[in-house]
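I have placed the structure first, in the form of structure tokens, so that the comments after it can refer back to it.
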Amino acid sequence: MPVQLNECPVEVVISSLSGRWKIPIYRYLYKNDQPVRYSALQRHLPSISKKVLTEQLRELEHDGIIERKSYPEPRPRVEYALTSAGRSMIEFLDQISEWGQKHMYLQKKLYKSDQIF
């Protein structure tokens with residue numbers, strides 16, 4: 001069956017951020033206001049395999065969230081940085097975070113009220 005393009009903007013956003021490691025990668029790149037080397041990402045996310053890190057970075061690059069710059073040196077170096085589109089997502093992610101905090105608070109409050117002492 002042929003793959004359809006997402007026509008729903010929400011699906012596009014969710015697709016761009018889905019993946020166990022995309023948000024931690026995004027957050028690390030955002031906090032480091034300068035390009036980050038692949039090895040620094042590996043050190044920051046020690047639980048991620050090289051294969052998965054590479055896949056997640058490729059998907060973020062494909063979606064226009066990050067840019068990859070390769071330096072042809074005797075010891076090749078690759079750096080990653082957020083694109084302007086990637087940087088513009090921070091306000092949106094902050095709003096999601098606020099909603100999540102409120103939702104978690106309400107869930108916790110509901111859970112406590114359901115307990116019988």
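Convention: chains lettered A, B, ... in structure tokens order; per-chain residue numbering from 1; ligands numbered from 1 as shown.
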
Query raised in the report: Excluding same-chain residues fewer than 2 positions from stretch 43-60 of chain A, what lies within 9 Å of it counting only C-alpha atoms, as an MDAnalysis selection string?
Result: chainID A and resid 16:17 19:22 24:26 28 38:41 62:68 80

Requested in this report: Could you give me the residues within stretch 18-85 of chain A that DSSP places in strand (DSSP E or B), as an NGL selection string?
Outcome: :A and (36-37 or 66-71 or 77-82)

Deliver the residues from the most recent selection as a file, using C-alpha atoms, as an mmCIF file, in the first residue's frame.
data_model
loop_
_atom_site.group_PDB
_atom_site.id
_atom_site.type_symbol
_atom_site.label_atom_id
_atom_site.label_comp_id
_atom_site.auth_asym_id
_atom_site.auth_seq_id
_atom_site.Cartn_x
_atom_site.Cartn_y
_atom_site.Cartn_z
ATOM 1 C CA VAL A 36 27.131 19.689 19.011
ATOM 2 C CA ARG A 37 29.346 16.824 17.917
ATOM 3 C CA ILE A 66 18.218 19.838 12.785
ATOM 4 C CA GLU A 67 21.050 20.362 10.350
ATOM 5 C CA ARG A 68 24.112 18.186 9.966
ATOM 6 C CA LYS A 69 27.493 19.602 9.031
ATOM 7 C CA SER A 70 30.337 17.307 8.089
ATOM 8 C CA TYR A 71 33.960 18.450 8.090
ATOM 9 C CA ARG A 77 33.984 15.460 12.382
ATOM 10 C CA VAL A 78 30.198 15.830 12.289
ATOM 11 C CA GLU A 79 28.213 18.485 14.122
ATOM 12 C CA TYR A 80 24.488 18.932 14.631
ATOM 13 C CA ALA A 81 22.497 22.082 15.353
ATOM 14 C CA LEU A 82 18.873 23.118 15.394
#

Query raised in the report: Quick one: DSSP helix (DSSP H, G or I) residues in chain A, as number ranges by chain?
Result: A: 9-17, 22-31, 38-44, 50-62, 84-114
